[in-house]
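Q: Sharing a structure, written as structure tokens. Questions coming.
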2 protein chains.
Amino acid sequence: MLIEMPRRTEIFGSVKIHELQRVLKIDSGGFENPRAKDIPFEEIKNVLRHFAIIIPVKNEKIHLLDGVLRAIPFDCSIIVVSNSGRETPDTYKMEQDVVKNLHDLTQQEMFIIHQKDPELGFAFYDAGYEDHLLDKDGLVRDGKSEGMIIGMLLAKSLGKDFIGFADADNYIPGSVREYVIDYAAGFCMSESPYSMVRLNWRYKPKVVEDKLYFKKWGRVSETTNKYLNLLISTHTGFETRVVVTGNAGEHALTTKLADLLSYSTGYSIEPYHFVYLFDRFGMGAETITNTDADAANAGIEIFQIETLNPHIHEEKGEEHVNNMLLGSLQTVYHSKLCNDYVKSKVLEELGDILEWGKPKENIIMPSIRKIDIHNFVKMLESNADTFARFERGAIESEGEKTEHLKG
Amino acid sequence: MLIEMPRRTEIFGSVKIHELQRVLKIDSGGFENPRAKDIPFEEIKNVLRHFAIIIPVKNEKIHLLDGVLRAIPFDCSIIVVSNSGRETPDTYKMEQDVVKNLHDLTQQEMFIIHQKDPELGFAFYDAGYEDHLLDKDGLVRDGKSEGMIIGMLLAKSLGKDFIGFADADNYIPGSVREYVIDYAAGFCMSESPYSMVRLNWRYKPKVVEDKLYFKKWGRVSETTNKYLNLLISTHTGFETRVVVTGNAGEHALTTKLADLLSYSTGYSIEPYHFVYLFDRFGMGAETITNTDADAANAGIEIFQIETLNPHIHEEKGEEHVNNMLLGSLQTVYHSKLCNDYVKSKVLEELGDILEWGKPKENIIMPSIRKIDIHNFVKMLESNADTFARFERGAIESEGEKTEHLKG
């Protein structure tokens, strides 16, 4: 891959945010130049071998999921976390069939589990994480962030070094393939074991230009970025526009960084990555705890990559957009760095959406570092009916055996 | 790549048409199964090194061209044949700049030429091909097929073994990358030096489902395929639906096959590939000339591949669709294989479009085999102002030198 060098890097405490980098060529030829870095495909493949891609699913069209699965390179492992309907027709069953069929054909390593599996609830209870993720019935709450936590734990159980996310509602399998390659390219460039890659879409294609959703999404994204940048600016005293990926659903991070972070819920999980890192690592030595010393010394690198492909996905509608804006700006409002000036600007921005009072605090799920991953997965393997694992290159996969036992 | 095996192959004289094959995985892991063939990426790269991709351009949005160029793997050579406007603002100049900038960054081998360059007309005149391609002013006619001929000659001048086509109006660079990889996969599977790969799109994405153009295109394609299949059926006596890529603008062929073919103009160039091969190689020994003996013995293989990615491109409108149907069915009507029954069906089908009389014969451009390619390109290099070649991995490209001389 040939990718632009970031023109500059904003350093905020231990957090290094690189300016947007464009993908110049997916399949490059080994020629570098002062403006661009060449990353050989072999280096990218080396990352892919230690990479798990998590696909949160919730009643997306089944052929879209199929396309996304087929687009993810074989070297990665795939983890599907579904919160789809189980009533007749059982959508989850269809998803599991798609995963199984594709595994039969490709022998790629794949996991699939249902978010509402009661055993998943038990496993979180057993891990002492029940207060952060379970509802009153002991099941994992609805929500994509909760699904992402499940996926990250499964990725950890595989000993993966890199964890990435891809949505299942993508109309362009080729885009999803590119996202994975872009993530890997970011990790190839990183000098710290604590790093994150966030994607920015190149453009909104004309064929969907008249759809309201795309414009609104653009507005939310712009607003979130503006306020995240304002948090930095008001502390450094220098205006910056470095953050352009505040709401980047397409992102990936090292497992080391995944262990370090806490996670916000709803639509605020992505901007909260920044807020959390700013709060904890942005203000210099006095806020750094012992646990954080290693990361603070190594630095936390955030890459922002502009994809070659556009992003075309299912339309979500107005409510979704407003919730996204609200969730995003709530994280900013409750940042330790948010002074009265920024607070007043946020309140102004939220105007109509926030009918009265102050923005709520988002529910935050603390670090998953302390969860005993061995025990967690053992519980799922023994008891969780919806959990199926299909191993790499096995003729008769463990998933099939598990199914037979349960059948 | 993991790709389905064709379920069956229709053999019609020396022509072998393989049934549609689905791409199961772009980046596969080396596992085969009875239904699917695994093609290692190294094998695909070996084809790419001998592959030229031709991009006919006519006033497409410049950023779409940029995306397409960035998506084509470095190992291929790129040949842009433009028939864009040259009045102010000079679109061709912008295209040339895009090519030059991308070459500066990537060092990929790229050619660009303008279809209306008077020297191109001279070169065809000199080659004795003037009757087939030039207008009364001695310039190459308008038309994509004419541009494709120019591109094929430039590909031959590079000594390439494989020639493929990609449109410049594609919104999804990732699709274009896949097309090229799919072409290469087809050639990896081929057992004959005379082969062709034609692509079929997986589905029409929902976000554009309400656009008329996509539905109509579907109808033209279906109708063309129906009549091409009918040409086979009425001769073999067995009904077949093997042809599903009659209008496949996305196709590639070996240079050996390119030398063998004649080319129809307008929208009929793609279906005419079939008609020409049927007429010349479909009816057994009596029609085989000496020139054809080698190909007839080796067999001519046609692969039809269903892409993983959907196809989203610029809207063209009603007239384009009707012309496409007319052009396609004219080739069928004038096939040697077209008996009275098929002729009557074609006339019925064309009903409203064909106001009176019989379908015209399309203008056919004969084989380019005999054109002295060395001399042809020498003339362009010496005299053609619009011709720029940018060589692989050169720090100062010949293209730049040429420009300086002319500047």
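Residue numbering restarts at 1 for every chain of the structure tokens, chains are lettered A, B, ... in their displayed order, and ligands are numbered from 1 as they appear.
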Could you list, as a PyMOL selection string, the residues of chain B having an atom within 8 Å of chain A when counting only C-alpha atoms?

A: chain B and resi 2+24-29+31-33+36+67+70-75+105-108+171-175+178+205+207-208+308-310+314+393

Q: Can you spit out the residues from that selection as a short mmCIF file (atom, residue, chain, number, x, y, z; two decimals), in the first residue's frame, using N, CA and C atoms?

A:
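Output contents, as saved in part.cif:
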data_model
loop_
_atom_site.label_atom_id
_atom_site.label_comp_id
_atom_site.auth_asym_id
_atom_site.auth_seq_id
_atom_site.Cartn_x
_atom_site.Cartn_y
_atom_site.Cartn_z
N LEU B 2 -10.58 -17.43 -3.77
CA LEU B 2 -11.36 -18.67 -3.82
C LEU B 2 -12.56 -18.42 -4.73
N LEU B 24 -15.83 -16.34 -4.16
CA LEU B 24 -16.20 -16.65 -2.78
C LEU B 24 -15.37 -15.85 -1.79
N LYS B 25 -14.14 -15.58 -2.15
CA LYS B 25 -13.25 -14.86 -1.23
C LYS B 25 -12.13 -14.24 -2.05
N ILE B 26 -11.90 -12.95 -1.89
CA ILE B 26 -10.82 -12.30 -2.64
C ILE B 26 -9.47 -12.77 -2.08
N ASP B 27 -9.33 -12.69 -0.76
CA ASP B 27 -8.07 -13.09 -0.11
C ASP B 27 -8.31 -14.40 0.61
N SER B 28 -7.99 -15.49 -0.07
CA SER B 28 -8.30 -16.81 0.48
C SER B 28 -7.08 -17.38 1.18
N GLY B 29 -7.24 -18.60 1.68
CA GLY B 29 -6.19 -19.15 2.53
C GLY B 29 -5.54 -20.42 2.01
N PHE B 31 -7.15 -23.15 0.92
CA PHE B 31 -7.95 -24.36 1.08
C PHE B 31 -8.89 -24.51 -0.11
N GLU B 32 -8.82 -25.65 -0.74
CA GLU B 32 -9.73 -25.92 -1.84
C GLU B 32 -10.85 -26.83 -1.35
N ASN B 33 -11.85 -26.98 -2.14
CA ASN B 33 -12.87 -27.97 -1.87
C ASN B 33 -13.48 -28.36 -3.20
N ALA B 36 -14.89 -25.48 -5.20
CA ALA B 36 -14.21 -24.19 -5.40
C ALA B 36 -12.71 -24.36 -5.59
N GLY B 67 -10.01 7.91 -8.70
CA GLY B 67 -10.25 6.74 -7.85
C GLY B 67 -9.99 5.44 -8.59
N ARG B 70 -6.28 4.85 -8.98
CA ARG B 70 -5.65 4.46 -7.72
C ARG B 70 -5.98 3.01 -7.34
N ALA B 71 -7.07 2.49 -7.92
CA ALA B 71 -7.52 1.14 -7.53
C ALA B 71 -6.85 0.04 -8.34
N ILE B 72 -6.24 0.39 -9.47
CA ILE B 72 -5.67 -0.65 -10.33
C ILE B 72 -4.28 -1.02 -9.83
N PRO B 73 -4.07 -2.31 -9.54
CA PRO B 73 -2.81 -2.73 -8.93
C PRO B 73 -1.59 -2.26 -9.71
N PHE B 74 -0.55 -1.95 -8.99
CA PHE B 74 0.70 -1.43 -9.55
C PHE B 74 1.27 -2.33 -10.64
N ASP B 75 1.14 -3.64 -10.47
CA ASP B 75 1.78 -4.56 -11.41
C ASP B 75 1.24 -4.44 -12.83
N LEU B 105 3.56 9.80 -7.83
CA LEU B 105 3.44 9.19 -6.50
C LEU B 105 3.72 7.70 -6.51
N THR B 106 3.25 7.01 -7.55
CA THR B 106 3.26 5.54 -7.49
C THR B 106 4.30 4.90 -8.39
N GLN B 107 4.76 5.62 -9.42
CA GLN B 107 5.72 5.08 -10.40
C GLN B 107 5.13 3.92 -11.20
N GLN B 108 3.80 3.82 -11.24
CA GLN B 108 3.17 2.80 -12.07
C GLN B 108 3.26 3.18 -13.55
N TYR B 171 -18.07 4.46 -9.32
CA TYR B 171 -18.04 5.15 -8.03
C TYR B 171 -17.25 4.39 -6.97
N ILE B 172 -16.96 3.13 -7.23
CA ILE B 172 -16.37 2.29 -6.19
C ILE B 172 -14.99 1.78 -6.63
N PRO B 173 -13.93 2.49 -6.26
CA PRO B 173 -12.60 2.02 -6.65
C PRO B 173 -12.35 0.56 -6.28
N GLY B 174 -12.86 0.15 -5.12
CA GLY B 174 -12.68 -1.23 -4.69
C GLY B 174 -13.27 -2.24 -5.67
N SER B 175 -14.33 -1.85 -6.37
CA SER B 175 -14.90 -2.74 -7.40
C SER B 175 -13.91 -2.89 -8.54
N GLU B 178 -11.28 -5.18 -7.78
CA GLU B 178 -11.76 -6.55 -7.87
C GLU B 178 -11.87 -7.01 -9.32
N PRO B 205 -27.50 -2.60 -5.81
CA PRO B 205 -27.69 -2.21 -4.41
C PRO B 205 -28.98 -1.43 -4.20
N VAL B 207 -29.77 1.14 -2.42
CA VAL B 207 -29.76 2.61 -2.41
C VAL B 207 -30.01 3.21 -3.78
N VAL B 208 -29.83 2.45 -4.84
CA VAL B 208 -30.10 2.98 -6.16
C VAL B 208 -31.22 2.22 -6.86
N LEU B 308 -17.83 -10.01 -6.48
CA LEU B 308 -18.26 -9.85 -5.09
C LEU B 308 -18.89 -8.48 -4.89
N ASN B 309 -18.38 -7.50 -5.60
CA ASN B 309 -18.86 -6.13 -5.42
C ASN B 309 -20.00 -5.80 -6.38
N PRO B 310 -20.89 -4.92 -5.93
CA PRO B 310 -21.90 -4.39 -6.84
C PRO B 310 -21.26 -3.34 -7.75
N GLU B 314 -22.28 6.10 -13.17
CA GLU B 314 -23.10 7.25 -13.52
C GLU B 314 -24.31 6.84 -14.37
N GLY B 393 8.65 3.11 -12.45
CA GLY B 393 9.79 3.26 -11.56
C GLY B 393 10.86 4.22 -12.02
#

Q: Tell me, as a list of chain:residue names, which residues lie within 8 Å of Ser192 (chain B), counting only C-alpha atoms; anything in the same chain fewer than 3 positions away does not count.

A: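 The neighbour list is B:Ser195, B:Ala298, B:Gly299, B:Ile300, B:Glu301.
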
Q: For region 361-375 of chain B, list every protein, DNA or RNA residue within 10 Å, evaluated using only C-alpha atoms, and leave out those in the same chain fewer than 3 positions away; present the list as a PDB file with N, CA, C and O atoms, in the first residue's frame.

A:
ATOM      1  N   ALA B 123      -1.361   7.605 -38.035  1.00  0.00           N
ATOM      2  CA  ALA B 123      -0.786   6.290 -37.727  1.00  0.00           C
ATOM      3  C   ALA B 123      -1.699   5.174 -38.240  1.00  0.00           C
ATOM      4  O   ALA B 123      -1.225   4.167 -38.774  1.00  0.00           O
ATOM      5  N   PHE B 124      -3.004   5.350 -38.095  1.00  0.00           N
ATOM      6  CA  PHE B 124      -3.930   4.334 -38.611  1.00  0.00           C
ATOM      7  C   PHE B 124      -3.906   4.323 -40.144  1.00  0.00           C
ATOM      8  O   PHE B 124      -4.009   3.273 -40.775  1.00  0.00           O
ATOM      9  N   ASP B 126      -1.355   5.138 -41.980  1.00  0.00           N
ATOM     10  CA  ASP B 126      -0.089   4.512 -42.331  1.00  0.00           C
ATOM     11  C   ASP B 126      -0.158   2.987 -42.210  1.00  0.00           C
ATOM     12  O   ASP B 126       0.499   2.254 -42.946  1.00  0.00           O
ATOM     13  N   ALA B 127      -0.959   2.533 -41.261  1.00  0.00           N
ATOM     14  CA  ALA B 127      -1.085   1.093 -41.023  1.00  0.00           C
ATOM     15  C   ALA B 127      -2.080   0.443 -41.992  1.00  0.00           C
ATOM     16  O   ALA B 127      -2.299  -0.769 -41.952  1.00  0.00           O
ATOM     17  N   GLY B 128      -2.700   1.263 -42.836  1.00  0.00           N
ATOM     18  CA  GLY B 128      -3.660   0.733 -43.795  1.00  0.00           C
ATOM     19  C   GLY B 128      -5.001   0.377 -43.158  1.00  0.00           C
ATOM     20  O   GLY B 128      -5.785  -0.389 -43.702  1.00  0.00           O
ATOM     21  N   TYR B 129      -5.281   0.968 -41.984  1.00  0.00           N
ATOM     22  CA  TYR B 129      -6.502   0.629 -41.256  1.00  0.00           C
ATOM     23  C   TYR B 129      -7.510   1.779 -41.362  1.00  0.00           C
ATOM     24  O   TYR B 129      -8.527   1.777 -40.689  1.00  0.00           O
ATOM     25  N   ASP B 131      -9.766   2.848 -43.385  1.00  0.00           N
ATOM     26  CA  ASP B 131     -11.163   2.684 -43.788  1.00  0.00           C
ATOM     27  C   ASP B 131     -12.058   2.237 -42.633  1.00  0.00           C
ATOM     28  O   ASP B 131     -13.283   2.354 -42.710  1.00  0.00           O
ATOM     29  N   HIS B 132     -11.448   1.692 -41.615  1.00  0.00           N
ATOM     30  CA  HIS B 132     -12.246   1.044 -40.579  1.00  0.00           C
ATOM     31  C   HIS B 132     -12.518   1.923 -39.360  1.00  0.00           C
ATOM     32  O   HIS B 132     -13.368   1.609 -38.548  1.00  0.00           O
ATOM     33  N   LEU B 133     -11.771   3.015 -39.242  1.00  0.00           N
ATOM     34  CA  LEU B 133     -11.747   3.694 -37.948  1.00  0.00           C
ATOM     35  C   LEU B 133     -11.769   5.213 -38.069  1.00  0.00           C
ATOM     36  O   LEU B 133     -12.032   5.912 -37.098  1.00  0.00           O
ATOM     37  N   SER B 145     -15.714   1.915 -28.724  1.00  0.00           N
ATOM     38  CA  SER B 145     -15.059   0.772 -29.362  1.00  0.00           C
ATOM     39  C   SER B 145     -13.780   1.218 -30.055  1.00  0.00           C
ATOM     40  O   SER B 145     -12.757   0.527 -30.013  1.00  0.00           O
ATOM     41  N   GLU B 146     -13.837   2.386 -30.713  1.00  0.00           N
ATOM     42  CA  GLU B 146     -12.669   2.916 -31.397  1.00  0.00           C
ATOM     43  C   GLU B 146     -11.562   3.192 -30.380  1.00  0.00           C
ATOM     44  O   GLU B 146     -10.380   2.908 -30.632  1.00  0.00           O
ATOM     45  N   ILE B 149      -9.880  -0.026 -29.400  1.00  0.00           N
ATOM     46  CA  ILE B 149      -8.902  -0.481 -30.407  1.00  0.00           C
ATOM     47  C   ILE B 149      -7.552   0.212 -30.167  1.00  0.00           C
ATOM     48  O   ILE B 149      -6.491  -0.426 -30.155  1.00  0.00           O
ATOM     49  N   ILE B 150      -7.614   1.531 -29.972  1.00  0.00           N
ATOM     50  CA  ILE B 150      -6.382   2.289 -29.706  1.00  0.00           C
ATOM     51  C   ILE B 150      -5.671   1.713 -28.479  1.00  0.00           C
ATOM     52  O   ILE B 150      -4.466   1.454 -28.486  1.00  0.00           O
ATOM     53  N   MET B 152      -5.903  -1.266 -27.197  1.00  0.00           N
ATOM     54  CA  MET B 152      -5.360  -2.607 -27.432  1.00  0.00           C
ATOM     55  C   MET B 152      -4.034  -2.537 -28.188  1.00  0.00           C
ATOM     56  O   MET B 152      -3.108  -3.305 -27.916  1.00  0.00           O
ATOM     57  N   LEU B 153      -3.940  -1.591 -29.124  1.00  0.00           N
ATOM     58  CA  LEU B 153      -2.678  -1.452 -29.870  1.00  0.00           C
ATOM     59  C   LEU B 153      -1.555  -0.998 -28.929  1.00  0.00           C
ATOM     60  O   LEU B 153      -0.430  -1.505 -29.009  1.00  0.00           O
ATOM     61  N   LEU B 154      -1.860  -0.075 -28.028  1.00  0.00           N
ATOM     62  CA  LEU B 154      -0.828   0.369 -27.090  1.00  0.00           C
ATOM     63  C   LEU B 154      -0.430  -0.777 -26.151  1.00  0.00           C
ATOM     64  O   LEU B 154       0.742  -0.948 -25.819  1.00  0.00           O
ATOM     65  N   ALA B 155      -1.419  -1.580 -25.737  1.00  0.00           N
ATOM     66  CA  ALA B 155      -1.111  -2.746 -24.892  1.00  0.00           C
ATOM     67  C   ALA B 155      -0.188  -3.709 -25.636  1.00  0.00           C
ATOM     68  O   ALA B 155       0.785  -4.232 -25.067  1.00  0.00           O
ATOM     69  N   LYS B 156      -0.471  -3.909 -26.907  1.00  0.00           N
ATOM     70  CA  LYS B 156       0.382  -4.788 -27.716  1.00  0.00           C
ATOM     71  C   LYS B 156       1.803  -4.222 -27.823  1.00  0.00           C
ATOM     72  O   LYS B 156       2.780  -4.969 -27.783  1.00  0.00           O
ATOM     73  N   SER B 157       1.903  -2.914 -27.915  1.00  0.00           N
ATOM     74  CA  SER B 157       3.226  -2.299 -28.043  1.00  0.00           C
ATOM     75  C   SER B 157       4.063  -2.532 -26.780  1.00  0.00           C
ATOM     76  O   SER B 157       5.287  -2.479 -26.820  1.00  0.00           O
ATOM     77  N   LEU B 158       3.397  -2.766 -25.680  1.00  0.00           N
ATOM     78  CA  LEU B 158       4.110  -3.071 -24.428  1.00  0.00           C
ATOM     79  C   LEU B 158       4.408  -4.561 -24.311  1.00  0.00           C
ATOM     80  O   LEU B 158       4.994  -5.005 -23.320  1.00  0.00           O
ATOM     81  N   GLY B 159       3.970  -5.329 -25.273  1.00  0.00           N
ATOM     82  CA  GLY B 159       4.216  -6.774 -25.224  1.00  0.00           C
ATOM     83  C   GLY B 159       3.383  -7.498 -24.184  1.00  0.00           C
ATOM     84  O   GLY B 159       3.749  -8.572 -23.710  1.00  0.00           O
ATOM     85  N   THR B 255      -4.076 -11.362 -25.467  1.00  0.00           N
ATOM     86  CA  THR B 255      -3.685 -10.624 -26.667  1.00  0.00           C
ATOM     87  C   THR B 255      -3.857 -11.507 -27.906  1.00  0.00           C
ATOM     88  O   THR B 255      -4.220 -11.029 -28.977  1.00  0.00           O
ATOM     89  N   LYS B 256      -3.616 -12.795 -27.727  1.00  0.00           N
ATOM     90  CA  LYS B 256      -3.806 -13.722 -28.848  1.00  0.00           C
ATOM     91  C   LYS B 256      -5.250 -13.736 -29.329  1.00  0.00           C
ATOM     92  O   LYS B 256      -5.511 -13.778 -30.529  1.00  0.00           O
ATOM     93  N   LEU B 257      -6.180 -13.716 -28.391  1.00  0.00           N
ATOM     94  CA  LEU B 257      -7.584 -13.676 -28.790  1.00  0.00           C
ATOM     95  C   LEU B 257      -7.937 -12.306 -29.363  1.00  0.00           C
ATOM     96  O   LEU B 257      -8.689 -12.202 -30.333  1.00  0.00           O
ATOM     97  N   ALA B 258      -7.350 -11.261 -28.770  1.00  0.00           N
ATOM     98  CA  ALA B 258      -7.610  -9.902 -29.275  1.00  0.00           C
ATOM     99  C   ALA B 258      -7.204  -9.786 -30.734  1.00  0.00           C
ATOM    100  O   ALA B 258      -7.867  -9.103 -31.526  1.00  0.00           O
ATOM    101  N   ASP B 259      -6.116 -10.446 -31.108  1.00  0.00           N
ATOM    102  CA  ASP B 259      -5.649 -10.423 -32.500  1.00  0.00           C
ATOM    103  C   ASP B 259      -6.575 -11.190 -33.436  1.00  0.00           C
ATOM    104  O   ASP B 259      -6.625 -10.922 -34.634  1.00  0.00           O
ATOM    105  N   LEU B 260      -7.265 -12.147 -32.885  1.00  0.00           N
ATOM    106  CA  LEU B 260      -8.121 -13.013 -33.677  1.00  0.00           C
ATOM    107  C   LEU B 260      -9.466 -12.374 -34.002  1.00  0.00           C
ATOM    108  O   LEU B 260     -10.068 -12.624 -35.043  1.00  0.00           O
ATOM    109  N   LEU B 261      -9.929 -11.538 -33.076  1.00  0.00           N
ATOM    110  CA  LEU B 261     -11.300 -11.020 -33.183  1.00  0.00           C
ATOM    111  C   LEU B 261     -11.430  -9.877 -34.179  1.00  0.00           C
ATOM    112  O   LEU B 261     -10.446  -9.216 -34.517  1.00  0.00           O
ATOM    113  N   SER B 262     -12.667  -9.690 -34.626  1.00  0.00           N
ATOM    114  CA  SER B 262     -13.049  -8.415 -35.226  1.00  0.00           C
ATOM    115  C   SER B 262     -13.931  -7.715 -34.202  1.00  0.00           C
ATOM    116  O   SER B 262     -14.472  -8.351 -33.295  1.00  0.00           O
ATOM    117  N   TYR B 263     -14.110  -6.406 -34.389  1.00  0.00           N
ATOM    118  CA  TYR B 263     -14.796  -5.649 -33.352  1.00  0.00           C
ATOM    119  C   TYR B 263     -15.950  -4.851 -33.919  1.00  0.00           C
ATOM    120  O   TYR B 263     -15.797  -4.137 -34.908  1.00  0.00           O
ATOM    121  N   SER B 264     -17.071  -4.976 -33.258  1.00  0.00           N
ATOM    122  CA  SER B 264     -18.220  -4.195 -33.650  1.00  0.00           C
ATOM    123  C   SER B 264     -18.127  -2.826 -32.978  1.00  0.00           C
ATOM    124  O   SER B 264     -17.315  -2.619 -32.067  1.00  0.00           O
ATOM    125  N   THR B 265     -18.947  -1.894 -33.430  1.00  0.00           N
ATOM    126  CA  THR B 265     -18.887  -0.533 -32.890  1.00  0.00           C
ATOM    127  C   THR B 265     -20.092  -0.257 -31.990  1.00  0.00           C
ATOM    128  O   THR B 265     -21.023  -1.048 -31.910  1.00  0.00           O
ATOM    129  N   GLY B 266     -20.054   0.897 -31.354  1.00  0.00           N
ATOM    130  CA  GLY B 266     -21.172   1.309 -30.516  1.00  0.00           C
ATOM    131  C   GLY B 266     -21.347   0.347 -29.355  1.00  0.00           C
ATOM    132  O   GLY B 266     -20.380  -0.158 -28.805  1.00  0.00           O
ATOM    133  N   TYR B 267     -22.596   0.111 -29.012  1.00  0.00           N
ATOM    134  CA  TYR B 267     -22.870  -0.723 -27.847  1.00  0.00           C
ATOM    135  C   TYR B 267     -22.834  -2.208 -28.161  1.00  0.00           C
ATOM    136  O   TYR B 267     -23.170  -3.023 -27.328  1.00  0.00           O
ATOM    137  N   SER B 268     -22.468  -2.534 -29.391  1.00  0.00           N
ATOM    138  CA  SER B 268     -22.537  -3.946 -29.764  1.00  0.00           C
ATOM    139  C   SER B 268     -21.187  -4.646 -29.685  1.00  0.00           C
ATOM    140  O   SER B 268     -21.088  -5.830 -29.965  1.00  0.00           O
ATOM    141  N   ILE B 269     -20.150  -3.930 -29.253  1.00  0.00           N
ATOM    142  CA  ILE B 269     -18.828  -4.558 -29.259  1.00  0.00           C
ATOM    143  C   ILE B 269     -18.805  -5.810 -28.376  1.00  0.00           C
ATOM    144  O   ILE B 269     -18.270  -6.847 -28.774  1.00  0.00           O
ATOM    145  N   TYR B 272     -20.979  -8.768 -29.701  1.00  0.00           N
ATOM    146  CA  TYR B 272     -20.399  -9.228 -30.965  1.00  0.00           C
ATOM    147  C   TYR B 272     -19.220 -10.182 -30.752  1.00  0.00           C
ATOM    148  O   TYR B 272     -18.931 -11.002 -31.624  1.00  0.00           O
ATOM    149  N   LEU B 326     -30.687  -2.087 -29.354  1.00  0.00           N
ATOM    150  CA  LEU B 326     -30.668  -2.150 -30.816  1.00  0.00           C
ATOM    151  C   LEU B 326     -29.318  -2.681 -31.300  1.00  0.00           C
ATOM    152  O   LEU B 326     -29.257  -3.629 -32.100  1.00  0.00           O
ATOM    153  N   GLY B 327     -28.245  -2.080 -30.835  1.00  0.00           N
ATOM    154  CA  GLY B 327     -26.901  -2.496 -31.254  1.00  0.00           C
ATOM    155  C   GLY B 327     -26.667  -3.971 -30.970  1.00  0.00           C
ATOM    156  O   GLY B 327     -26.127  -4.710 -31.801  1.00  0.00           O
ATOM    157  N   SER B 328     -27.095  -4.413 -29.794  1.00  0.00           N
ATOM    158  CA  SER B 328     -26.866  -5.798 -29.398  1.00  0.00           C
ATOM    159  C   SER B 328     -27.627  -6.762 -30.306  1.00  0.00           C
ATOM    160  O   SER B 328     -27.080  -7.754 -30.790  1.00  0.00           O
ATOM    161  N   GLN B 330     -28.864  -6.229 -33.255  1.00  0.00           N
ATOM    162  CA  GLN B 330     -28.381  -6.182 -34.647  1.00  0.00           C
ATOM    163  C   GLN B 330     -27.285  -7.215 -34.881  1.00  0.00           C
ATOM    164  O   GLN B 330     -27.247  -7.867 -35.927  1.00  0.00           O
ATOM    165  N   THR B 331     -26.390  -7.357 -33.904  1.00  0.00           N
ATOM    166  CA  THR B 331     -25.313  -8.343 -34.070  1.00  0.00           C
ATOM    167  C   THR B 331     -25.901  -9.746 -34.162  1.00  0.00           C
ATOM    168  O   THR B 331     -25.425 -10.574 -34.944  1.00  0.00           O
ATOM    169  N   VAL B 332     -26.918  -9.998 -33.358  1.00  0.00           N
ATOM    170  CA  VAL B 332     -27.554 -11.316 -33.390  1.00  0.00           C
ATOM    171  C   VAL B 332     -28.229 -11.542 -34.745  1.00  0.00           C
ATOM    172  O   VAL B 332     -28.079 -12.591 -35.377  1.00  0.00           O
ATOM    173  N   TYR B 333     -28.959 -10.514 -35.182  1.00  0.00           N
ATOM    174  CA  TYR B 333     -29.729 -10.611 -36.425  1.00  0.00           C
ATOM    175  C   TYR B 333     -28.830 -10.947 -37.612  1.00  0.00           C
ATOM    176  O   TYR B 333     -29.202 -11.714 -38.498  1.00  0.00           O
ATOM    177  N   HIS B 334     -27.653 -10.368 -37.611  1.00  0.00           N
ATOM    178  CA  HIS B 334     -26.769 -10.559 -38.758  1.00  0.00           C
ATOM    179  C   HIS B 334     -25.761 -11.693 -38.556  1.00  0.00           C
ATOM    180  O   HIS B 334     -24.842 -11.849 -39.348  1.00  0.00           O
ATOM    181  N   SER B 335     -25.945 -12.465 -37.507  1.00  0.00           N
ATOM    182  CA  SER B 335     -25.097 -13.645 -37.325  1.00  0.00           C
ATOM    183  C   SER B 335     -25.417 -14.670 -38.405  1.00  0.00           C
ATOM    184  O   SER B 335     -26.568 -14.809 -38.836  1.00  0.00           O
ATOM    185  N   LYS B 358     -35.356  -3.527 -41.775  1.00  0.00           N
ATOM    186  CA  LYS B 358     -34.578  -4.545 -41.083  1.00  0.00           C
ATOM    187  C   LYS B 358     -33.527  -3.881 -40.202  1.00  0.00           C
ATOM    188  O   LYS B 358     -33.126  -2.758 -40.458  1.00  0.00           O
ATOM    189  N   LYS B 378       5.868   4.192 -32.870  1.00  0.00           N
ATOM    190  CA  LYS B 378       6.953   5.122 -33.189  1.00  0.00           C
ATOM    191  C   LYS B 378       6.391   6.432 -33.740  1.00  0.00           C
ATOM    192  O   LYS B 378       6.830   7.519 -33.374  1.00  0.00           O
ATOM    193  N   MET B 379       5.380   6.301 -34.575  1.00  0.00           N
ATOM    194  CA  MET B 379       4.755   7.511 -35.120  1.00  0.00           C
ATOM    195  C   MET B 379       4.124   8.355 -34.020  1.00  0.00           C
ATOM    196  O   MET B 379       4.239   9.581 -34.014  1.00  0.00           O
ATOM    197  N   LEU B 380       3.464   7.685 -33.085  1.00  0.00           N
ATOM    198  CA  LEU B 380       2.834   8.427 -31.986  1.00  0.00           C
ATOM    199  C   LEU B 380       3.892   9.107 -31.125  1.00  0.00           C
ATOM    200  O   LEU B 380       3.764  10.273 -30.748  1.00  0.00           O
ATOM    201  N   GLU B 381       4.946   8.363 -30.835  1.00  0.00           N
ATOM    202  CA  GLU B 381       5.988   8.914 -29.961  1.00  0.00           C
ATOM    203  C   GLU B 381       6.658  10.132 -30.584  1.00  0.00           C
ATOM    204  O   GLU B 381       6.992  11.086 -29.892  1.00  0.00           O
TER     205      GLU B 381
END

Q: Point out the residue among B:Asp135, B:Glu87, B:Glu19, B:Glu391 with the least atom-to-atom distance to Val197 (chain B), counting only C-alpha atoms.

A: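 Nearest candidate to Val197 (chain B) out of B:Asp135, B:Glu87, B:Glu19, B:Glu391: B:Glu19.
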